[in-house]
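Structure file coords31.pdb with PDB, C-alpha atoms:
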```pdb
ATOM      1  CA  MET R   1      45.432  18.924  13.336
ATOM      2  CA  SER R   2      46.707  19.746   9.874
ATOM      3  CA  LEU R   3      44.781  21.945   7.441
ATOM      4  CA  ARG R   4      45.731  22.560   3.821
ATOM      5  CA  ALA R   5      43.908  24.614   1.193
ATOM      6  CA  THR R   6      45.090  24.900  -2.401
ATOM      7  CA  TRP R   7      43.555  27.616  -4.577
ATOM      8  CA  GLU R   8      43.335  27.189  -8.333
ATOM      9  CA  GLU R   9      42.249  29.962 -10.698
ATOM     10  CA  PRO R  10      40.641  29.269 -14.076
ATOM     11  CA  GLY R  11      42.944  28.828 -17.060
ATOM     12  CA  MET R  12      42.287  28.595 -20.802
ATOM     13  CA  GLU R  13      39.909  25.886 -21.953
ATOM     14  CA  MET R  14      41.782  23.044 -23.644
ATOM     15  CA  ARG R  15      40.572  20.561 -26.222
ATOM     16  CA  LYS R  16      37.664  18.352 -25.170
ATOM     17  CA  MET R  17      38.713  14.743 -24.843
ATOM     18  CA  TRP R  18      38.712  12.124 -22.112
ATOM     19  CA  ARG R  19      41.435  10.208 -20.432
ATOM     20  CA  VAL R  20      41.384   7.946 -17.408
ATOM     21  CA  VAL R  21      44.658   7.132 -15.676
ATOM     22  CA  LEU R  22      44.581   4.214 -13.276
ATOM     23  CA  ALA R  23      47.227   2.857 -10.925
ATOM     24  CA  VAL R  24      46.549  -0.098  -8.594
ATOM     25  CA  CYS R  25      48.265  -2.714  -6.490
ATOM     26  CA  GLY R  26      46.866  -5.433  -8.750
ATOM     27  CA  THR R  27      45.267  -5.319 -12.197
ATOM     28  CA  PHE R  28      43.254  -2.322 -13.400
ATOM     29  CA  VAL R  29      40.849  -2.292 -16.350
ATOM     30  CA  LEU R  30      39.995   1.035 -17.981
ATOM     31  CA  LEU R  31      36.305   1.699 -18.579
ATOM     32  CA  GLY R  32      36.493   5.357 -19.531
ATOM     33  CA  ALA R  33      34.515   8.544 -19.426
ATOM     34  CA  GLN R  34      30.861   7.661 -19.148
ATOM     35  CA  PHE R  35      29.068  10.993 -19.577
ATOM     36  CA  VAL R  36      29.997  14.352 -21.078
ATOM     37  CA  ALA R  37      27.800  17.461 -21.193
ATOM     38  CA  ALA R  38      28.261  21.054 -22.233
ATOM     39  CA  GLY R  39      26.959  24.123 -20.438
ATOM     40  CA  PRO R  40      27.730  27.722 -19.580
ATOM     41  CA  ALA R  41      31.282  28.625 -18.627
ATOM     42  CA  GLY R  42      32.206  30.328 -15.369
ATOM     43  CA  ALA R  43      30.792  29.865 -11.886
ATOM     44  CA  VAL R  44      28.773  26.887 -10.679
ATOM     45  CA  TRP R  45      25.069  27.808 -10.886
ATOM     46  CA  GLY R  46      22.030  26.251  -9.284
ATOM     47  CA  LEU R  47      23.927  24.400  -6.552
ATOM     48  CA  VAL R  48      21.564  22.221  -4.466
ATOM     49  CA  HIS R  49      21.894  19.464  -1.893
ATOM     50  CA  VAL R  50      19.383  16.580  -1.969
ATOM     51  CA  TRP R  51      19.131  13.309  -0.066
ATOM     52  CA  SER R  52      16.986  10.225   0.516
ATOM     53  CA  GLU R  53      16.905   7.458   3.130
ATOM     54  CA  SER R  54      16.632   3.695   3.121
ATOM     55  CA  ALA R  55      14.270   1.776   5.416
ATOM     56  CA  TYR R  56      15.178   1.756   9.108
ATOM     57  CA  ASP R  57      15.492  -1.971   9.813
ATOM     58  CA  SER R  58      18.075  -4.714  10.361
ATOM     59  CA  THR R  59      18.647  -5.667   6.709
ATOM     60  CA  ALA R  60      22.316  -6.650   6.318
ATOM     61  CA  THR R  61      22.913  -4.699   3.088
ATOM     62  CA  LYS R  62      21.267  -1.407   2.157
ATOM     63  CA  SER R  63      21.439   0.508  -1.115
ATOM     64  CA  ARG R  64      20.017   3.960  -1.784
ATOM     65  CA  THR R  65      19.972   6.138  -4.899
ATOM     66  CA  THR R  66      19.266   9.876  -4.728
ATOM     67  CA  LEU R  67      18.517  11.679  -7.996
ATOM     68  CA  CYS R  68      19.318  15.304  -8.811
ATOM     69  CA  PRO R  69      16.406  17.636  -9.624
ATOM     70  CA  ALA R  70      15.400  17.769 -13.284
ATOM     71  CA  GLY R  71      17.930  19.580 -15.438
ATOM     72  CA  LYS R  72      20.808  19.295 -12.938
ATOM     73  CA  ARG R  73      23.841  16.998 -12.750
ATOM     74  CA  VAL R  74      25.707  15.602  -9.771
ATOM     75  CA  ILE R  75      29.059  17.122  -8.837
ATOM     76  CA  GLY R  76      29.550  15.570  -5.386
ATOM     77  CA  ALA R  77      28.496  12.406  -3.525
ATOM     78  CA  GLY R  78      28.043  11.582   0.156
ATOM     79  CA  ALA R  79      26.467   8.999   2.469
ATOM     80  CA  ARG R  80      25.768   8.338   6.137
ATOM     81  CA  VAL R  81      24.988   5.276   8.274
ATOM     82  CA  ASP R  82      22.729   5.838  11.318
ATOM     83  CA  PRO R  83      23.458   5.048  14.005
ATOM     84  CA  GLY R  84      27.178   5.102  13.278
ATOM     85  CA  ASN R  85      28.719   1.942  14.725
ATOM     86  CA  PRO R  86      31.614  -0.522  14.277
ATOM     87  CA  MET R  87      29.428  -3.205  12.659
ATOM     88  CA  VAL R  88      28.257  -1.292   9.540
ATOM     89  CA  SER R  89      30.477   0.466   6.985
ATOM     90  CA  LEU R  90      30.042   2.323   3.711
ATOM     91  CA  VAL R  91      31.217   0.343   0.682
ATOM     92  CA  HIS R  92      29.940   2.496  -2.238
ATOM     93  CA  VAL R  93      29.514   6.269  -2.493
ATOM     94  CA  GLU R  94      29.338   6.899  -6.242
ATOM     95  CA  PRO R  95      27.837   9.210  -8.864
ATOM     96  CA  LEU R  96      25.681   7.538 -11.486
ATOM     97  CA  TYR R  97      27.492   7.064 -14.798
ATOM     98  CA  ASP R  98      25.259   9.644 -16.531
ATOM     99  CA  GLY R  99      25.530  12.201 -13.727
ATOM    100  CA  ARG R 100      21.850  12.067 -12.745
ATOM    101  CA  GLY R 101      22.448  11.256  -9.072
ATOM    102  CA  VAL R 102      24.295   9.223  -6.438
ATOM    103  CA  THR R 103      24.157   5.622  -5.236
ATOM    104  CA  ALA R 104      25.354   4.626  -1.751
ATOM    105  CA  ILE R 105      25.677   1.088  -0.362
ATOM    106  CA  ALA R 106      26.533  -0.048   3.180
ATOM    107  CA  HIS R 107      27.134  -3.556   4.548
ATOM    108  CA  GLU R 108      27.072  -5.052   7.987
ATOM    109  CA  ASP R 109      30.279  -6.895   8.868
ATOM    110  CA  SER R 110      30.603 -10.671   8.485
ATOM    111  CA  VAL R 111      29.189 -11.277  11.997
ATOM    112  CA  GLY R 112      26.139  -9.080  11.438
ATOM    113  CA  TYR R 113      24.332  -6.390  13.408
ATOM    114  CA  SER R 114      21.009  -7.214  15.064
ATOM    115  CA  ALA R 115      19.825  -3.632  15.652
ATOM    116  CA  ASN R 116      18.017  -1.392  13.144
ATOM    117  CA  TRP R 117      19.946   1.108  11.035
ATOM    118  CA  LEU R 118      19.421   3.274   7.956
ATOM    119  CA  LEU R 119      21.467   4.610   5.073
ATOM    120  CA  THR R 120      21.240   8.142   3.651
ATOM    121  CA  ALA R 121      22.572   8.961   0.162
ATOM    122  CA  TYR R 122      23.463  12.607  -0.567
ATOM    123  CA  ALA R 123      23.793  14.231  -3.982
ATOM    124  CA  ILE R 124      25.329  17.676  -4.519
ATOM    125  CA  CYS R 125      23.915  18.890  -7.844
ATOM    126  CA  ALA R 126      24.246  21.916 -10.107
ATOM    127  CA  SER R 127      23.146  23.267 -13.465
ATOM    128  CA  PRO R 128      25.136  21.646 -16.316
ATOM    129  CA  LEU R 129      28.712  22.935 -16.519
ATOM    130  CA  ALA R 130      30.892  23.430 -19.578
ATOM    131  CA  GLY R 131      33.037  20.356 -20.145
ATOM    132  CA  TYR R 132      31.175  18.285 -17.548
ATOM    133  CA  GLU R 133      32.226  14.626 -17.423
ATOM    134  CA  VAL R 134      32.051  11.592 -15.141
ATOM    135  CA  ASN R 135      35.126   9.340 -15.509
ATOM    136  CA  TRP R 136      35.143   5.756 -14.259
ATOM    137  CA  GLY R 137      37.712   3.005 -13.803
ATOM    138  CA  LEU R 138      37.547  -0.558 -12.473
ATOM    139  CA  GLY R 139      40.318  -2.363 -10.580
ATOM    140  CA  ALA R 140      40.904  -5.956  -9.476
ATOM    141  CA  SER R 141      42.709  -7.012  -6.309
ATOM    142  CA  GLY R 142      44.690 -10.064  -7.445
ATOM    143  CA  THR R 143      46.406 -11.245  -4.259
ATOM    144  CA  SER R 144      46.818  -7.827  -2.641
ATOM    145  CA  PRO R 145      44.937  -7.059   0.612
ATOM    146  CA  LYS R 146      44.851  -3.363  -0.380
ATOM    147  CA  VAL R 147      43.920  -1.864  -3.757
ATOM    148  CA  THR R 148      44.476   1.752  -4.783
ATOM    149  CA  GLY R 149      43.063   3.228  -7.986
ATOM    150  CA  VAL R 150      43.576   6.652  -9.556
ATOM    151  CA  VAL R 151      41.159   8.183 -12.073
ATOM    152  CA  ALA R 152      42.031  11.501 -13.748
ATOM    153  CA  CYS R 153      40.055  14.261 -15.397
ATOM    154  CA  SER R 154      40.554  14.950 -19.085
ATOM    155  CA  PRO R 155      43.313  17.442 -19.946
ATOM    156  CA  GLY R 156      42.374  21.012 -19.090
ATOM    157  CA  LYS R 157      39.472  20.011 -16.841
ATOM    158  CA  ARG R 158      39.341  20.352 -13.071
ATOM    159  CA  LEU R 159      38.219  17.949 -10.393
ATOM    160  CA  LEU R 160      34.931  18.866  -8.661
ATOM    161  CA  GLY R 161      33.854  15.656  -6.941
ATOM    162  CA  PHE R 162      34.886  12.151  -5.890
ATOM    163  CA  GLY R 163      33.305   8.721  -5.857
ATOM    164  CA  GLY R 164      34.356   5.172  -5.097
ATOM    165  CA  GLY R 165      33.359   1.730  -3.982
ATOM    166  CA  VAL R 166      34.441  -1.866  -3.413
ATOM    167  CA  GLN R 167      32.854  -5.057  -4.728
ATOM    168  CA  ALA R 168      33.297  -8.183  -2.602
ATOM    169  CA  ALA R 169      31.338 -10.487  -0.310
ATOM    170  CA  PRO R 170      29.555  -8.484   2.428
ATOM    171  CA  GLY R 171      31.904  -7.728   5.305
ATOM    172  CA  ALA R 172      35.013  -8.949   3.463
ATOM    173  CA  VAL R 173      36.347  -5.606   2.212
ATOM    174  CA  VAL R 174      35.912  -2.016   3.419
ATOM    175  CA  LEU R 175      36.159   1.283   1.567
ATOM    176  CA  THR R 176      38.985   3.178   3.290
ATOM    177  CA  GLY R 177      39.717   6.067   0.962
ATOM    178  CA  VAL R 178      37.993   8.438  -1.484
ATOM    179  CA  GLY R 179      39.734  11.720  -2.245
ATOM    180  CA  PRO R 180      42.399  13.574  -4.232
ATOM    181  CA  ALA R 181      45.207  11.438  -5.645
ATOM    182  CA  PRO R 182      48.568  12.442  -4.128
ATOM    183  CA  GLY R 183      50.875  13.806  -6.786
ATOM    184  CA  VAL R 184      48.344  13.481  -9.632
ATOM    185  CA  PRO R 185      46.597  16.775 -10.523
ATOM    186  CA  ASP R 186      42.811  16.684 -10.876
ATOM    187  CA  ALA R 187      42.529  12.986 -10.103
ATOM    188  CA  VAL R 188      40.724  10.787  -7.562
ATOM    189  CA  GLU R 189      42.304   8.087  -5.423
ATOM    190  CA  VAL R 190      40.057   5.261  -4.156
ATOM    191  CA  VAL R 191      41.301   2.690  -1.641
ATOM    192  CA  GLY R 192      39.790  -0.598  -0.513
ATOM    193  CA  GLU R 193      41.191  -2.992   2.100
ATOM    194  CA  GLU R 194      40.388  -6.542   3.118
ATOM    195  CA  THR R 195      39.008  -6.882   6.616
ATOM    196  CA  GLU R 196      40.634  -8.814   9.448
ATOM    197  CA  GLY R 197      41.330 -12.402   8.407
ATOM    198  CA  GLY R 198      41.749 -11.579   4.707
ATOM    199  CA  TYR R 199      39.686 -12.524   1.664
ATOM    200  CA  ALA R 200      40.906 -15.053  -0.894
ATOM    201  CA  PRO R 201      38.713 -14.304  -3.961
ATOM    202  CA  THR R 202      39.481 -11.464  -6.332
ATOM    203  CA  TRP R 203      37.572  -8.294  -5.475
ATOM    204  CA  LEU R 204      37.052  -5.017  -7.294
ATOM    205  CA  VAL R 205      37.430  -1.276  -6.772
ATOM    206  CA  ASN R 206      35.378   1.399  -8.573
ATOM    207  CA  ALA R 207      36.910   4.859  -8.949
ATOM    208  CA  TRP R 208      35.009   7.955 -10.142
ATOM    209  CA  ALA R 209      35.993  11.531 -10.963
ATOM    210  CA  VAL R 210      33.476  14.334 -11.633
ATOM    211  CA  CYS R 211      35.165  17.034 -13.726
ATOM    212  CA  ALA R 212      34.411  20.195 -15.710
ATOM    213  CA  ASN R 213      36.101  23.189 -17.258
ATOM    214  CA  PRO R 214      37.747  25.522 -14.703
ATOM    215  CA  VAL R 215      35.431  27.377 -12.304
ATOM    216  CA  PRO R 216      36.215  30.445 -10.134
ATOM    217  CA  ARG R 217      37.972  30.139  -6.772
ATOM    218  CA  LEU R 218      38.392  26.387  -6.906
ATOM    219  CA  ALA R 219      39.942  25.159  -3.641
ATOM    220  CA  THR R 220      40.886  21.699  -2.406
ATOM    221  CA  VAL R 221      40.866  21.517   1.397
ATOM    222  CA  SER R 222      42.417  18.608   3.318
ATOM    223  CA  GLU R 223      42.470  18.163   7.097
ATOM    224  CA  SER R 224      44.003  15.315   9.116
ATOM    225  CA  LEU R 225      43.159  14.516  12.719
ATOM    226  CA  PRO R 226      46.050  13.562  15.023
ATOM    227  CA  ALA R 227      46.911   9.846  14.889
ATOM    228  CA  SER R 228      45.152   7.930  17.663
ATOM    229  CA  SER R 229      44.125   4.451  18.740
ATOM    230  CA  ALA R 230      40.625   5.643  19.728
ATOM    231  CA  THR R 231      37.755   3.383  18.715
ATOM    232  CA  TRP R 232      36.242   6.126  16.526
ATOM    233  CA  ALA R 233      37.086   9.529  15.060
ATOM    234  CA  THR R 234      34.997  12.365  13.610
ATOM    235  CA  ASP R 235      35.916  15.659  11.990
ATOM    236  CA  GLN R 236      34.142  18.718  10.604
ATOM    237  CA  VAL R 237      35.922  20.703   7.879
ATOM    238  CA  ASN R 238      34.919  24.099   6.451
ATOM    239  CA  CYS R 239      35.195  25.524   2.946
ATOM    240  CA  PRO R 240      37.125  28.822   2.625
ATOM    241  CA  ALA R 241      35.022  31.936   3.137
ATOM    242  CA  GLY R 242      32.942  32.863   0.122
ATOM    243  CA  THR R 243      32.885  29.341  -1.340
ATOM    244  CA  ARG R 244      30.574  26.333  -1.088
ATOM    245  CA  MET R 245      31.264  22.621  -1.103
ATOM    246  CA  HIS R 246      31.134  20.719  -4.386
ATOM    247  CA  GLY R 247      32.796  17.408  -3.504
ATOM    248  CA  LEU R 248      33.806  15.556  -0.342
ATOM    249  CA  GLY R 249      35.725  12.454   0.642
ATOM    250  CA  ALA R 250      37.832  10.897   3.381
ATOM    251  CA  LYS R 251      40.774   8.549   3.817
ATOM    252  CA  ILE R 252      41.757   6.262   6.673
ATOM    253  CA  HIS R 253      45.512   5.840   7.117
ATOM    254  CA  ASN R 254      47.037   2.795   8.864
ATOM    255  CA  GLY R 255      43.665   1.206   9.573
ATOM    256  CA  PHE R 256      44.702  -2.116   7.947
ATOM    257  CA  GLY R 257      41.119  -2.973   7.006
ATOM    258  CA  GLN R 258      39.995  -2.713  10.636
ATOM    259  CA  VAL R 259      38.643   0.845  10.359
ATOM    260  CA  GLY R 260      35.642   1.703   8.171
ATOM    261  CA  LEU R 261      33.900   4.887   7.049
ATOM    262  CA  SER R 262      30.426   5.634   8.482
ATOM    263  CA  TRP R 263      29.807   9.238   7.385
ATOM    264  CA  LEU R 264      30.742  11.236   4.311
ATOM    265  CA  GLN R 265      28.158  13.870   5.140
ATOM    266  CA  PRO R 266      27.701  17.232   3.409
ATOM    267  CA  GLY R 267      27.013  19.901   6.033
ATOM    268  CA  ALA R 268      27.239  20.181   9.789
ATOM    269  CA  GLY R 269      24.215  17.940  10.318
ATOM    270  CA  PRO R 270      22.339  15.280   8.349
ATOM    271  CA  ARG R 271      19.910  17.849   6.870
ATOM    272  CA  ASP R 272      22.123  20.943   6.631
ATOM    273  CA  PRO R 273      21.521  22.524   3.176
ATOM    274  CA  ALA R 274      24.201  25.241   3.410
ATOM    275  CA  LEU R 275      27.119  23.254   1.877
ATOM    276  CA  LEU R 276      29.687  25.264   3.813
ATOM    277  CA  GLN R 277      31.318  22.276   5.524
ATOM    278  CA  ALA R 278      31.403  18.478   5.716
ATOM    279  CA  THR R 279      31.386  15.946   8.568
ATOM    280  CA  THR R 280      33.182  12.590   8.485
ATOM    281  CA  LEU R 281      33.092   9.656  10.895
ATOM    282  CA  ALA R 282      35.055   6.383  11.050
ATOM    283  CA  PHE R 283      34.963   3.404  13.432
ATOM    284  CA  GLU R 284      37.353   0.616  14.319
ATOM    285  CA  ASP R 285      35.829  -2.822  13.828
ATOM    286  CA  ARG R 286      34.345  -4.820  16.699
ATOM    287  CA  THR R 287      37.728  -6.336  17.678
ATOM    288  CA  GLY R 288      39.474  -2.960  17.795
ATOM    289  CA  LEU R 289      42.907  -1.887  16.561
ATOM    290  CA  ALA R 290      45.769  -1.450  19.027
ATOM    291  CA  THR R 291      47.904   0.814  16.812
ATOM    292  CA  ASP R 292      47.303   4.459  15.889
ATOM    293  CA  TRP R 293      45.335   5.406  12.783
ATOM    294  CA  THR R 294      44.302   8.685  11.177
ATOM    295  CA  LEU R 295      41.123  10.098   9.616
ATOM    296  CA  GLU R 296      41.720  12.599   6.803
ATOM    297  CA  THR R 297      38.862  14.665   5.339
ATOM    298  CA  HIS R 298      38.866  16.247   1.838
ATOM    299  CA  LEU R 299      36.642  18.955   0.336
ATOM    300  CA  VAL R 300      36.486  20.597  -3.063
ATOM    301  CA  CYS R 301      35.022  24.116  -2.786
ATOM    302  CA  ALA R 302      34.356  26.882  -5.318
ATOM    303  CA  SER R 303      32.290  30.005  -5.929
TER     304      SER R 303
END
```

Could you rewrite the structure in this file as structure tokens?
Amino acid sequence: MSLRATWEEPGMEMRKMWRVVLAVCGTFVLLGAQFVAAGPAGAVWGLVHVWSESAYDSTATKSRTTLCPAGKRVIGAGARVDPGNPMVSLVHVEPLYDGRGVTAIAHEDSVGYSANWLLTAYAICASPLAGYEVNWGLGASGTSPKVTGVVACSPGKRLLGFGGGVQAAPGAVVLTGVGPAPGVPDAVEVVGEETEGGYAPTWLVNAWAVCANPVPRLATVSESLPASSATWATDQVNCPAGTRMHGLGAKIHNGFGQVGLSWLQPGAGPRDPALLQATTLAFEDRTGLATDWTLETHLVCAS
């Protein structure tokens, strides 16, 4: 198990502008910063954790939107499929463009799943922050079976939360990564991969970054489980003492489109309001994967 925590203290506020930087194995189209709001500087106030559920049935595609309480804006997004299983995967876990909430979407695979299941969408919300923005980019796959996009915060602003999704025929592409961009400060990396057998049409990746002016005791925590060929993997990662979770994500390494995300869950359980930790879960597809793969969990925590 590998655990990394990087602390970042507030610096001077820089000029307010937006910039989205995108890099992808294919073609990427910039769509920009969708929402900007001003608020008090300093610590994150009014932090709350809200959720809502879809119907519990055998519908092949489920979508759920959870709105923040009045006067608050989303800083982190999560979702969970119940029961977790190889036949259903998350494909969108995204803040709304205006910061009012979170939308999650999950698909059954191309074969389908006859049993009932439900989707929960989680929104981590707070009182409006100084320099708050939601940045968005859109990427196209071309002929690549794997697309990676990077969306950055505006200069001088810090990353608080992640979001991402894939757009393709149900069961054709899985979301395999939402988290910090390696080597790019205050940026989000989103990864999508074609499932076994490939997918000929062009498909899309959405990448989202929730940013604001610096806040106290900002920490990015990343933990990787040991590589394994197990059919599923789950991890629970804690924020540093004295901080609470603002954003969460996960990445699957070496899954080759045959491992999908089932849980990006704030808290130790599905209704844990404390925001001190997050739980992630990933499954191999129904045919399995003989080689080793890794589940990596990412948190952004602050005072």

Open item on the list: To one decimal place in Å, what is the distance between CA of Asp235 (chain R) and CA of Gly249 (chain R)?
Closed with: 11.8 Å

Hey, could you make a per-residue contact list for region 171-273 of chain R against region 104-110 of chain R with 12 Å as the cut-off, showing the nearest pair of atoms and its distance in Å to one decimal, counting all atoms listed in the file, sorted by chain and number, as CSV?
```
residue,atom,partner,partner_atom,distance
R:Gly171,CA,R:Asp109,CA,4.0
R:Ala172,CA,R:Ser110,CA,6.9
R:Val173,CA,R:Asp109,CA,9.1
R:Val174,CA,R:His107,CA,9.0
R:Leu175,CA,R:Ala106,CA,9.9
R:Glu194,CA,R:Asp109,CA,11.6
R:Thr195,CA,R:Asp109,CA,9.0
R:Glu196,CA,R:Ser110,CA,10.2
R:Gly197,CA,R:Ser110,CA,10.9
R:Gly198,CA,R:Ser110,CA,11.8
R:Tyr199,CA,R:Ser110,CA,11.5
R:Gly257,CA,R:Asp109,CA,11.7
R:Gln258,CA,R:Asp109,CA,10.7
R:Val259,CA,R:Asp109,CA,11.5
R:Gly260,CA,R:Asp109,CA,10.2
R:Leu261,CA,R:Ala106,CA,9.7
R:Ser262,CA,R:Ala106,CA,8.7
R:Trp263,CA,R:Ala106,CA,10.7
R:Leu264,CA,R:Ala104,CA,10.5
R:Gln265,CA,R:Ala104,CA,11.9
```

Please dump the current selection as an mmCIF file, in the frame of the given file; keep C-alpha atoms.
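Heads up, here's the output in part_28.cif:
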```cif
data_model
loop_
_atom_site.group_PDB
_atom_site.id
_atom_site.type_symbol
_atom_site.label_atom_id
_atom_site.label_comp_id
_atom_site.auth_asym_id
_atom_site.auth_seq_id
_atom_site.Cartn_x
_atom_site.Cartn_y
_atom_site.Cartn_z
ATOM 1 C CA GLY R 171 31.904 -7.728 5.305
ATOM 2 C CA ALA R 172 35.013 -8.949 3.463
ATOM 3 C CA VAL R 173 36.347 -5.606 2.212
ATOM 4 C CA VAL R 174 35.912 -2.016 3.419
ATOM 5 C CA LEU R 175 36.159 1.283 1.567
ATOM 6 C CA GLU R 194 40.388 -6.542 3.118
ATOM 7 C CA THR R 195 39.008 -6.882 6.616
ATOM 8 C CA GLU R 196 40.634 -8.814 9.448
ATOM 9 C CA GLY R 197 41.330 -12.402 8.407
ATOM 10 C CA GLY R 198 41.749 -11.579 4.707
ATOM 11 C CA TYR R 199 39.686 -12.524 1.664
ATOM 12 C CA GLY R 257 41.119 -2.973 7.006
ATOM 13 C CA GLN R 258 39.995 -2.713 10.636
ATOM 14 C CA VAL R 259 38.643 0.845 10.359
ATOM 15 C CA GLY R 260 35.642 1.703 8.171
ATOM 16 C CA LEU R 261 33.900 4.887 7.049
ATOM 17 C CA SER R 262 30.426 5.634 8.482
ATOM 18 C CA TRP R 263 29.807 9.238 7.385
ATOM 19 C CA LEU R 264 30.742 11.236 4.311
ATOM 20 C CA GLN R 265 28.158 13.870 5.140
#
```

TODO: Using CA of Ser52 (chain R) and CA of Arg64 (chain R) as the two end points, give the distance in Å to one decimal.
DONE: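 It comes out at 7.3 Å.
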
Open item on the list: Report, in Å to a single decimal, how far apart CA of Leu119 (chain R) and CA of Asp82 (chain R) are.
Closed with: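 So the two atoms, CA of Asp82 (chain R) and CA of Leu119 (chain R), lie 6.5 Å apart.
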
Task: Hits from the PyMOL selection byres ((chain R and resi 224) around 10), listed as number ranges by chain - done: R: 1-4, 222-223, 225-227, 235, 237, 250-253, 294-298

Keeping only C-alpha atoms, write those residues as a compact mmCIF listing (two decimals), in the frame of the given file.
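Here's the written file part.txt:
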```txt
# COMPACT_ATOMS: atom_id res chain seq x y z
CA MET R 1 45.43 18.92 13.34
CA SER R 2 46.71 19.75 9.87
CA LEU R 3 44.78 21.94 7.44
CA ARG R 4 45.73 22.56 3.82
CA SER R 222 42.42 18.61 3.32
CA GLU R 223 42.47 18.16 7.10
CA LEU R 225 43.16 14.52 12.72
CA PRO R 226 46.05 13.56 15.02
CA ALA R 227 46.91 9.85 14.89
CA ASP R 235 35.92 15.66 11.99
CA VAL R 237 35.92 20.70 7.88
CA ALA R 250 37.83 10.90 3.38
CA LYS R 251 40.77 8.55 3.82
CA ILE R 252 41.76 6.26 6.67
CA HIS R 253 45.51 5.84 7.12
CA THR R 294 44.30 8.68 11.18
CA LEU R 295 41.12 10.10 9.62
CA GLU R 296 41.72 12.60 6.80
CA THR R 297 38.86 14.66 5.34
CA HIS R 298 38.87 16.25 1.84
```
